[in-house]
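Participant: mmCIF, C-alpha atoms and all ligand atoms, file coords.cif:
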data_protein
loop_
_atom_site.label_atom_id
_atom_site.label_comp_id
_atom_site.auth_asym_id
_atom_site.auth_seq_id
_atom_site.Cartn_x
_atom_site.Cartn_y
_atom_site.Cartn_z
CA MET A 1 46.35 -9.17 23.08
CA ILE A 2 45.60 -10.83 26.39
CA LYS A 3 47.85 -13.83 27.03
CA ARG A 4 46.13 -17.10 27.82
CA ARG A 5 47.55 -17.32 31.34
CA GLU A 6 46.56 -13.73 32.11
CA PHE A 7 43.07 -14.38 30.75
CA LEU A 8 42.62 -17.48 32.86
CA ALA A 9 43.78 -15.54 35.90
CA LYS A 10 41.25 -12.78 35.20
CA ALA A 11 38.50 -15.30 34.58
CA GLY A 12 39.41 -16.94 37.90
CA THR A 13 39.09 -13.61 39.72
CA LEU A 14 35.72 -13.07 38.12
CA THR A 15 34.51 -16.53 39.12
CA ALA A 16 35.72 -15.87 42.65
CA ALA A 17 33.93 -12.51 42.73
CA VAL A 18 30.67 -14.03 41.51
CA GLY A 19 31.21 -16.86 43.95
CA THR A 20 31.17 -14.46 46.90
CA GLY A 21 27.58 -13.41 46.12
CA SER A 22 24.48 -15.42 46.80
CA LEU A 23 23.61 -17.97 44.14
CA VAL A 24 19.93 -17.18 44.62
CA SER A 25 20.35 -13.55 43.49
CA ALA A 26 22.44 -14.41 40.39
CA PRO A 27 20.75 -12.93 37.34
CA ALA A 28 19.19 -15.49 34.97
CA VAL A 29 21.22 -14.29 32.00
CA HIS A 30 20.94 -17.62 30.23
CA ALA A 31 17.13 -17.84 30.25
CA SER A 32 15.94 -18.25 26.66
CA PRO A 33 14.05 -15.18 25.40
CA LYS A 34 10.31 -15.38 24.93
CA LYS A 35 9.23 -16.44 21.45
CA PHE A 36 6.17 -15.04 19.70
CA ARG A 37 4.22 -16.87 17.01
CA PHE A 38 1.79 -14.66 15.10
CA LYS A 39 -0.57 -15.27 12.22
CA MET A 40 -1.01 -12.79 9.37
CA VAL A 41 -4.03 -12.73 7.06
CA THR A 42 -3.97 -10.78 3.80
CA THR A 43 -6.48 -9.40 1.31
CA TRP A 44 -4.43 -10.74 -1.64
CA PRO A 45 -4.81 -13.91 -3.71
CA PRO A 46 -2.21 -16.63 -3.02
CA LYS A 47 1.16 -15.87 -4.66
CA PHE A 48 -0.11 -12.49 -5.91
CA PRO A 49 3.12 -10.82 -7.08
CA VAL A 50 4.65 -7.99 -5.05
CA LEU A 51 1.63 -7.55 -2.74
CA GLN A 52 1.26 -11.08 -1.31
CA THR A 53 4.88 -12.00 -2.01
CA GLY A 54 5.98 -8.70 -0.42
CA ALA A 55 3.99 -9.55 2.74
CA GLU A 56 5.68 -12.97 2.85
CA GLU A 57 9.11 -11.42 2.31
CA PHE A 58 8.41 -9.07 5.23
CA THR A 59 7.73 -12.00 7.59
CA LYS A 60 10.90 -13.83 6.49
CA LYS A 61 12.98 -10.74 7.29
CA VAL A 62 11.31 -10.28 10.68
CA LYS A 63 12.18 -13.88 11.54
CA ILE A 64 15.83 -13.40 10.52
CA MET A 65 16.21 -10.03 12.26
CA SER A 66 14.62 -11.32 15.46
CA GLY A 67 16.72 -14.49 15.49
CA GLY A 68 13.48 -16.49 15.34
CA ARG A 69 11.91 -14.72 18.34
CA LEU A 70 9.02 -13.48 16.19
CA SER A 71 7.71 -15.84 13.55
CA ILE A 72 4.66 -14.95 11.48
CA GLN A 73 2.67 -17.47 9.49
CA VAL A 74 1.03 -15.88 6.43
CA PHE A 75 -2.39 -16.77 5.02
CA ALA A 76 -3.51 -15.32 1.68
CA GLY A 77 -7.05 -14.04 1.17
CA GLY A 78 -9.59 -16.81 1.73
CA GLU A 79 -7.14 -19.25 3.28
CA LEU A 80 -8.11 -18.46 6.85
CA VAL A 81 -10.54 -15.55 6.56
CA PRO A 82 -12.14 -13.99 3.45
CA PRO A 83 -10.00 -11.25 1.82
CA LEU A 84 -12.28 -8.53 3.11
CA GLY A 85 -12.47 -10.10 6.57
CA VAL A 86 -8.90 -9.02 7.41
CA PHE A 87 -9.88 -5.82 9.21
CA ASP A 88 -12.36 -7.53 11.56
CA ALA A 89 -10.11 -10.55 12.22
CA VAL A 90 -7.21 -8.35 13.35
CA SER A 91 -9.42 -5.79 15.08
CA SER A 92 -11.06 -8.50 17.20
CA GLY A 93 -7.68 -10.01 18.07
CA SER A 94 -8.45 -13.46 16.69
CA ILE A 95 -5.49 -12.86 14.31
CA GLU A 96 -2.47 -10.77 15.28
CA MET A 97 -1.56 -9.21 11.91
CA GLY A 98 -3.11 -8.24 8.60
CA HIS A 99 -1.91 -6.96 5.21
CA GLY A 100 -4.25 -5.08 2.91
CA ALA A 101 -5.34 -1.58 1.95
CA ALA A 102 -7.03 1.06 4.09
CA TYR A 103 -9.43 1.97 1.26
CA TYR A 104 -10.97 -1.50 1.44
CA TRP A 105 -12.48 -0.45 4.77
CA ALA A 106 -14.25 2.62 3.39
CA GLY A 107 -17.58 1.26 4.67
CA LYS A 108 -16.28 1.21 8.27
CA VAL A 109 -13.61 3.92 8.31
CA PRO A 110 -14.17 6.17 5.27
CA GLU A 111 -11.54 8.70 6.43
CA ALA A 112 -8.84 5.98 6.17
CA GLN A 113 -9.04 6.00 2.35
CA PHE A 114 -6.64 8.96 2.31
CA PHE A 115 -3.93 6.72 3.81
CA THR A 116 -3.99 4.46 0.72
CA SER A 117 -4.35 6.95 -2.09
CA ALA A 118 -6.59 9.80 -3.14
CA PRO A 119 -7.44 10.98 -6.66
CA PHE A 120 -5.03 13.78 -7.62
CA GLY A 121 -3.43 13.28 -4.20
CA PHE A 122 0.12 12.24 -3.34
CA THR A 123 2.73 10.29 -5.27
CA ALA A 124 4.55 7.55 -3.34
CA GLN A 125 7.36 9.98 -2.54
CA GLN A 126 4.95 12.64 -1.29
CA LEU A 127 2.86 10.13 0.63
CA ASN A 128 5.94 8.80 2.42
CA ALA A 129 6.89 12.37 3.32
CA TRP A 130 3.39 12.90 4.77
CA MET A 131 3.42 9.56 6.60
CA TYR A 132 6.87 9.66 8.16
CA TYR A 133 7.54 13.39 8.53
CA GLY A 134 4.24 15.19 8.00
CA GLY A 135 2.04 13.71 10.72
CA GLY A 136 0.20 11.31 8.38
CA LEU A 137 1.14 8.14 10.25
CA ASP A 138 0.28 9.66 13.65
CA LEU A 139 -3.13 10.59 12.31
CA TRP A 140 -3.60 7.11 10.83
CA ARG A 141 -2.80 5.58 14.26
CA GLU A 142 -5.39 7.87 15.82
CA VAL A 143 -7.99 6.86 13.20
CA TYR A 144 -7.37 3.12 13.75
CA ALA A 145 -7.06 3.30 17.58
CA PRO A 146 -10.80 2.75 18.26
CA PHE A 147 -10.50 -0.49 16.24
CA ASN A 148 -7.51 -1.79 18.29
CA LEU A 149 -5.32 -1.61 15.19
CA VAL A 150 -1.78 -0.29 14.82
CA PRO A 151 -1.13 0.62 11.15
CA LEU A 152 2.20 0.80 9.33
CA PRO A 153 2.92 1.60 5.66
CA ALA A 154 4.12 -1.72 4.19
CA CYS A 155 3.98 -1.49 0.38
CA ASN A 156 3.52 1.09 -2.35
CA THR A 157 2.46 0.52 -5.97
CA GLY A 158 3.64 3.90 -7.25
CA VAL A 159 1.50 5.72 -9.85
CA GLN A 160 -0.98 3.29 -11.36
CA MET A 161 -2.33 3.28 -14.93
CA GLY A 162 -5.62 4.95 -15.89
CA GLY A 163 -7.14 1.70 -17.12
CA TRP A 164 -8.19 -0.41 -20.08
CA PHE A 165 -11.00 0.78 -22.35
CA ASN A 166 -12.84 -0.74 -25.27
CA LYS A 167 -13.85 2.72 -26.42
CA LYS A 168 -11.65 5.70 -27.22
CA ILE A 169 -11.96 8.60 -24.77
CA ASP A 170 -11.68 11.79 -26.83
CA SER A 171 -13.83 13.96 -24.60
CA LEU A 172 -15.91 13.97 -21.43
CA ALA A 173 -18.94 12.93 -23.44
CA ASP A 174 -17.25 9.58 -24.16
CA LEU A 175 -17.27 8.75 -20.44
CA LYS A 176 -21.04 9.05 -20.11
CA GLY A 177 -22.80 5.72 -19.65
CA LEU A 178 -19.55 3.75 -19.74
CA LYS A 179 -19.55 0.70 -17.47
CA MET A 180 -16.24 0.72 -15.62
CA ARG A 181 -14.76 -1.20 -12.73
CA ILE A 182 -13.01 1.40 -10.60
CA PRO A 183 -13.28 1.12 -6.81
CA GLY A 184 -12.86 3.64 -4.01
CA LEU A 185 -12.69 7.42 -4.22
CA GLY A 186 -11.75 7.19 -7.91
CA GLY A 187 -15.05 5.45 -8.58
CA LYS A 188 -16.96 8.15 -6.66
CA VAL A 189 -15.25 10.88 -8.69
CA ILE A 190 -15.68 9.32 -12.13
CA SER A 191 -19.33 8.48 -11.45
CA LYS A 192 -19.90 12.26 -11.26
CA ALA A 193 -18.71 12.39 -14.89
CA GLY A 194 -21.47 9.96 -15.84
CA VAL A 195 -19.57 6.67 -15.62
CA ASN A 196 -21.58 3.72 -14.41
CA VAL A 197 -19.26 2.32 -11.75
CA VAL A 198 -19.28 -1.46 -11.39
CA LEU A 199 -17.70 -3.30 -8.48
CA LEU A 200 -16.24 -6.70 -9.32
CA PRO A 201 -13.71 -8.94 -7.56
CA GLY A 202 -10.26 -9.14 -9.17
CA GLY A 203 -10.74 -12.71 -10.36
CA GLU A 204 -13.73 -11.81 -12.54
CA LEU A 205 -12.27 -8.78 -14.27
CA TYR A 206 -10.74 -10.33 -17.37
CA THR A 207 -13.87 -12.28 -18.36
CA ALA A 208 -16.14 -9.30 -17.64
CA LEU A 209 -14.06 -7.07 -19.92
CA GLU A 210 -13.69 -9.68 -22.65
CA ARG A 211 -17.41 -10.44 -22.72
CA GLY A 212 -18.45 -6.79 -22.68
CA VAL A 213 -20.12 -6.98 -19.24
CA ILE A 214 -17.97 -3.90 -18.55
CA ASP A 215 -16.49 -1.43 -21.08
CA ALA A 216 -13.47 -0.46 -19.02
CA LEU A 217 -11.52 -1.24 -15.87
CA GLU A 218 -8.53 -0.14 -13.87
CA TRP A 219 -6.29 -2.63 -12.09
CA VAL A 220 -2.73 -1.72 -11.14
CA GLY A 221 0.03 -0.98 -13.64
CA PRO A 222 1.79 -2.55 -16.65
CA TYR A 223 3.39 -5.42 -14.70
CA HIS A 224 0.21 -6.77 -13.06
CA ASP A 225 -1.97 -5.87 -16.06
CA LEU A 226 0.33 -7.71 -18.49
CA LYS A 227 0.27 -10.81 -16.29
CA ILE A 228 -3.54 -10.96 -16.40
CA GLY A 229 -3.47 -10.29 -20.16
CA PHE A 230 -5.94 -7.38 -20.31
CA TYR A 231 -4.36 -6.38 -23.65
CA ARG A 232 -6.23 -9.32 -25.20
CA ALA A 233 -9.58 -8.05 -23.91
CA ALA A 234 -9.38 -4.27 -24.48
CA LYS A 235 -8.20 -1.96 -27.27
CA TYR A 236 -6.88 1.04 -25.38
CA TYR A 237 -4.67 1.46 -22.33
CA TYR A 238 -4.98 4.93 -20.78
CA TYR A 239 -2.67 6.90 -18.52
CA PRO A 240 -2.06 8.45 -16.03
CA GLY A 241 -3.65 6.80 -12.99
CA TRP A 242 -5.14 10.06 -11.70
CA HIS A 243 -7.22 8.06 -9.22
CA GLU A 244 -4.31 6.18 -7.56
CA PRO A 245 -1.10 8.22 -7.80
CA GLY A 246 0.79 6.13 -5.22
CA SER A 247 -1.22 3.54 -3.34
CA CYS A 248 0.19 2.69 0.07
CA LEU A 249 -0.74 -0.74 1.38
CA GLU A 250 -0.93 -1.42 5.05
CA LEU A 251 0.35 -3.72 7.73
CA VAL A 252 -2.07 -3.76 10.66
CA ILE A 253 -1.26 -5.24 14.04
CA ASN A 254 -3.76 -5.95 16.79
CA LYS A 255 -3.04 -3.45 19.58
CA LYS A 256 -2.93 -6.09 22.36
CA ALA A 257 -0.55 -8.29 20.37
CA TRP A 258 1.58 -5.20 19.61
CA ASP A 259 1.73 -4.21 23.28
CA LYS A 260 2.94 -7.70 24.22
CA LEU A 261 5.99 -7.37 21.98
CA PRO A 262 9.16 -6.09 23.65
CA LYS A 263 10.55 -2.81 22.30
CA ASP A 264 13.21 -4.47 20.14
CA LEU A 265 10.69 -6.71 18.35
CA GLN A 266 8.39 -3.73 17.82
CA GLN A 267 11.31 -1.89 16.23
CA ILE A 268 12.08 -4.89 14.02
CA VAL A 269 8.46 -4.90 12.78
CA LYS A 270 8.60 -1.14 12.14
CA SER A 271 11.94 -1.39 10.31
CA ALA A 272 10.95 -4.43 8.22
CA SER A 273 7.70 -2.70 7.30
CA ALA A 274 9.50 0.48 6.22
CA GLU A 275 11.88 -1.66 4.18
CA ALA A 276 8.95 -3.45 2.51
CA ASN A 277 7.41 -0.05 1.76
CA LEU A 278 10.61 0.88 -0.10
CA MET A 279 11.40 -2.47 -1.72
CA THR A 280 7.94 -3.08 -3.21
CA LEU A 281 7.97 0.37 -4.81
CA ALA A 282 11.42 -0.29 -6.26
CA GLU A 283 10.35 -3.74 -7.49
CA LEU A 284 7.23 -2.38 -9.17
CA ASP A 285 9.01 0.57 -10.76
CA ALA A 286 11.56 -1.81 -12.27
CA LYS A 287 8.98 -4.39 -13.39
CA ASN A 288 6.45 -1.83 -14.67
CA GLY A 289 9.11 -0.28 -16.88
CA SER A 290 9.97 -3.61 -18.42
CA ALA A 291 6.31 -4.68 -18.80
CA LEU A 292 5.42 -1.37 -20.46
CA ASN A 293 8.13 -1.96 -23.07
CA GLU A 294 6.78 -5.45 -23.67
CA LEU A 295 3.18 -4.22 -24.04
CA VAL A 296 4.32 -1.68 -26.63
CA SER A 297 6.89 -3.68 -28.59
CA LYS A 298 5.55 -7.22 -28.40
CA TYR A 299 1.79 -6.78 -28.09
CA LYS A 300 1.50 -3.43 -29.93
CA VAL A 301 -0.88 -2.07 -27.31
CA ASN A 302 -2.47 1.27 -28.11
CA ILE A 303 -1.38 3.38 -25.14
CA LEU A 304 -3.07 6.77 -24.90
CA LYS A 305 -3.00 9.75 -22.57
CA TYR A 306 -6.31 11.02 -21.20
CA PRO A 307 -7.23 14.29 -22.98
CA ASP A 308 -6.37 17.38 -20.89
CA ASP A 309 -9.98 18.53 -20.58
CA VAL A 310 -10.99 15.10 -19.20
CA ILE A 311 -8.18 15.25 -16.64
CA LYS A 312 -9.07 18.84 -15.67
CA LYS A 313 -12.69 17.89 -15.13
CA LEU A 314 -11.79 14.80 -13.08
CA HIS A 315 -9.55 17.01 -10.93
CA GLU A 316 -12.42 19.46 -10.33
CA LEU A 317 -14.77 16.58 -9.54
CA SER A 318 -12.21 15.16 -7.07
CA LYS A 319 -12.16 18.42 -5.09
CA GLU A 320 -15.95 18.52 -5.20
CA THR A 321 -16.07 14.92 -3.88
CA TYR A 322 -13.69 15.72 -0.98
CA GLU A 323 -15.71 18.78 -0.02
CA GLU A 324 -18.98 16.86 -0.05
CA LEU A 325 -17.52 13.99 1.97
CA SER A 326 -15.97 16.42 4.49
CA ALA A 327 -19.21 18.35 4.88
CA GLY A 328 -21.05 15.17 5.80
CA ASN A 329 -18.47 13.61 8.13
CA PRO A 330 -16.22 15.47 10.65
CA LYS A 331 -13.75 12.53 10.75
CA ILE A 332 -13.22 12.75 6.98
CA ALA A 333 -13.00 16.54 7.31
CA LYS A 334 -10.17 16.19 9.86
CA VAL A 335 -8.07 13.81 7.74
CA TYR A 336 -8.74 15.78 4.56
CA ALA A 337 -7.72 19.05 6.27
CA ASN A 338 -4.42 17.46 7.37
CA PHE A 339 -3.90 16.02 3.87
CA GLN A 340 -4.58 19.42 2.29
CA LYS A 341 -2.27 21.18 4.73
CA PHE A 342 0.57 18.86 3.81
CA ALA A 343 -0.26 19.22 0.09
CA ARG A 344 0.19 23.01 0.44
CA GLN A 345 3.56 22.37 2.07
CA ILE A 346 4.93 19.85 -0.42
CA GLU A 347 3.40 20.65 -3.83
CA PRO A 348 5.46 23.82 -4.53
CA TRP A 349 8.62 21.86 -3.66
CA THR A 350 7.67 18.90 -5.86
CA ALA A 351 6.88 21.28 -8.72
CA MET A 352 10.28 22.91 -8.39
CA SER A 353 12.21 19.66 -7.89
CA THR A 354 10.90 16.38 -9.35
CA ALA A 355 8.35 17.84 -11.80
CA ALA A 356 10.69 20.59 -13.08
CA PHE A 357 13.52 18.11 -13.45
CA MET A 358 11.34 15.69 -15.44
CA ASP A 359 10.33 18.59 -17.70
CA ALA A 360 13.97 19.59 -18.07
CA LYS A 361 14.90 16.09 -19.26
CA LYS A 362 12.46 16.40 -22.15
CA LEU A 363 14.09 19.56 -23.56
CA CA B 1 -6.04 0.17 -8.85
#
Show how you would write the structure in this file as structure tokens.
Ligand code: CA

Facilitator:
Amino acid sequence: MIKRREFLAKAGTLTAAVGTGSLVSAPAVHASPKKFRFKMVTTWPPKFPVLQTGAEEFTKKVKIMSGGRLSIQVFAGGELVPPLGVFDAVSSGSIEMGHGAAYYWAGKVPEAQFFTSAPFGFTAQQLNAWMYYGGGLDLWREVYAPFNLVPLPACNTGVQMGGWFNKKIDSLADLKGLKMRIPGLGGKVISKAGVNVVLLPGGELYTALERGVIDALEWVGPYHDLKIGFYRAAKYYYYPGWHEPGSCLELVINKKAWDKLPKDLQQIVKSASAEANLMTLAELDAKNGSALNELVSKYKVNILKYPDDVIKKLHELSKETYEELSAGNPKIAKVYANFQKFARQIEPWTAMSTAAFMDAKKL
């Protein structure tokens, strides 16, 4: 322990040493660091659990970790720009950050759909492996670069449910002519099986199903589906969510805004985003488990597994869809080839680890 007198003596020497130099060249160590105030727009309704609330949680953590040097004001879908205006707002630089899903931009960047989820594609665990250690995130950055966007994985729903149906699906024939709300690649695939795919905004889904405007829909999983109350509007709840086995939601940052951030703030954004990617998955796994129990025990929901031949056919149709899309678009072909390459690397390992272990628990 340094004695007080000794300390004062040392401090005096230091002052004297500094005093010998020119005052003009003294470093401005006490200058307050630059503060950044960003706006974030999201594609989610206000207070939408886990997705919107997860985005808000992310900004709170960034503020704490940066000691207030980066504060981000969040606007839910429609509050500042329409939900589907997020991509353009951040791409143009009028807003610094966005939170949404890459598959919403299929009309502009169809190859980006693979970074959210692909039918019979990756689970959350596999997708994270591809993103962080399999080149997926590098490829995503390359795909978004022409739009001045820097993407980061920022949320994952885990495996979703197959959807709510007012008709029992015993065979492929039962899918024919069915009116179903199912967006994205899943919609493309199931339309090949004869389903009449309907696109409706989230807010209209319950009424459309209840009034028979549509016969079926998919939304997220037990937790979100229970909250909306779809069990009151449909008889059957099907699994698994073959079309969205682990949807990754995105944080996008305007490239110019990103480049202005010093390295430590960039790292804080990256770390907080990776944490959100983990925490939202954990939150949904916990809440989906509890909601599933409630749907079964309290509301006596008829939960059914898709018949094997239906699943097999949908899998075949998914491959057919990817091949057709790749043949018509070299950008899709490039992302799909990378996705497939990683699938060949990880699937045998998943089969021998997670899948085999889950099978073993049933014995
Ligand atoms: Ca969904």

Participant: May I have the residues within 8 Å of segment 166-171 of chain A as a list in words, using all atoms listed in the file and disregarding those fewer than 2 positions away in the same chain?

Facilitator: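 Neighbouring residues, sequence-local ones excluded: Trp164, Ala173, Asp174, Leu175, Asp215, Ala216, Ala234, Lys235, Tyr236, Tyr306, Pro307, Asp309 and Val310 of chain A.
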
Participant: Between A:Glu275, A:Asp225, A:Glu294, A:Glu210, which one has atoms that come closest to ligand CA 1 (chain B), using only C-alpha atoms and all ligand atoms?

Facilitator: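 Ranking A:Glu275, A:Asp225, A:Glu294, A:Glu210 by distance to ligand CA 1 (chain B), first place goes to A:Asp225.
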
Participant: Counting all atoms listed in the file, what residues are within 6 Å of ligand CA 1 (chain B), given as a PyMOL selection string?

Facilitator: chain A and resi 218-220

Participant: Padding of 4 Å on every side, edges along x, y and z, all listed atoms of segment 204-210 of chain A included: what centre and edge lengths in Å, to one decimal, does that box have, as lines of an AutoDock Vina configuration file?

Facilitator:
center_x = -13.4
center_y = -9.7
center_z = -17.6
size_x = 13.4
size_y = 13.2
size_z = 18.1

Participant: Quick one: residues within 6 Å of segment 277-285 of chain A, only C-alpha atoms counted, chain neighbours fewer than 5 positions away excluded, as a list of chain:residue names?

Facilitator: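 So, after excluding close chain neighbours, the residues are A:Ala154, A:Cys155, A:Asn156, A:Thr157.
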
Participant: Measuring atom to atom with all atoms listed in the file, identify which of A:Phe165, A:Leu139, A:Ala274, A:Gly85 is nearest to Cys248 of chain A.

Facilitator: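 Ranking A:Phe165, A:Leu139, A:Ala274, A:Gly85 by distance to Cys248 of chain A, first place goes to A:Ala274.
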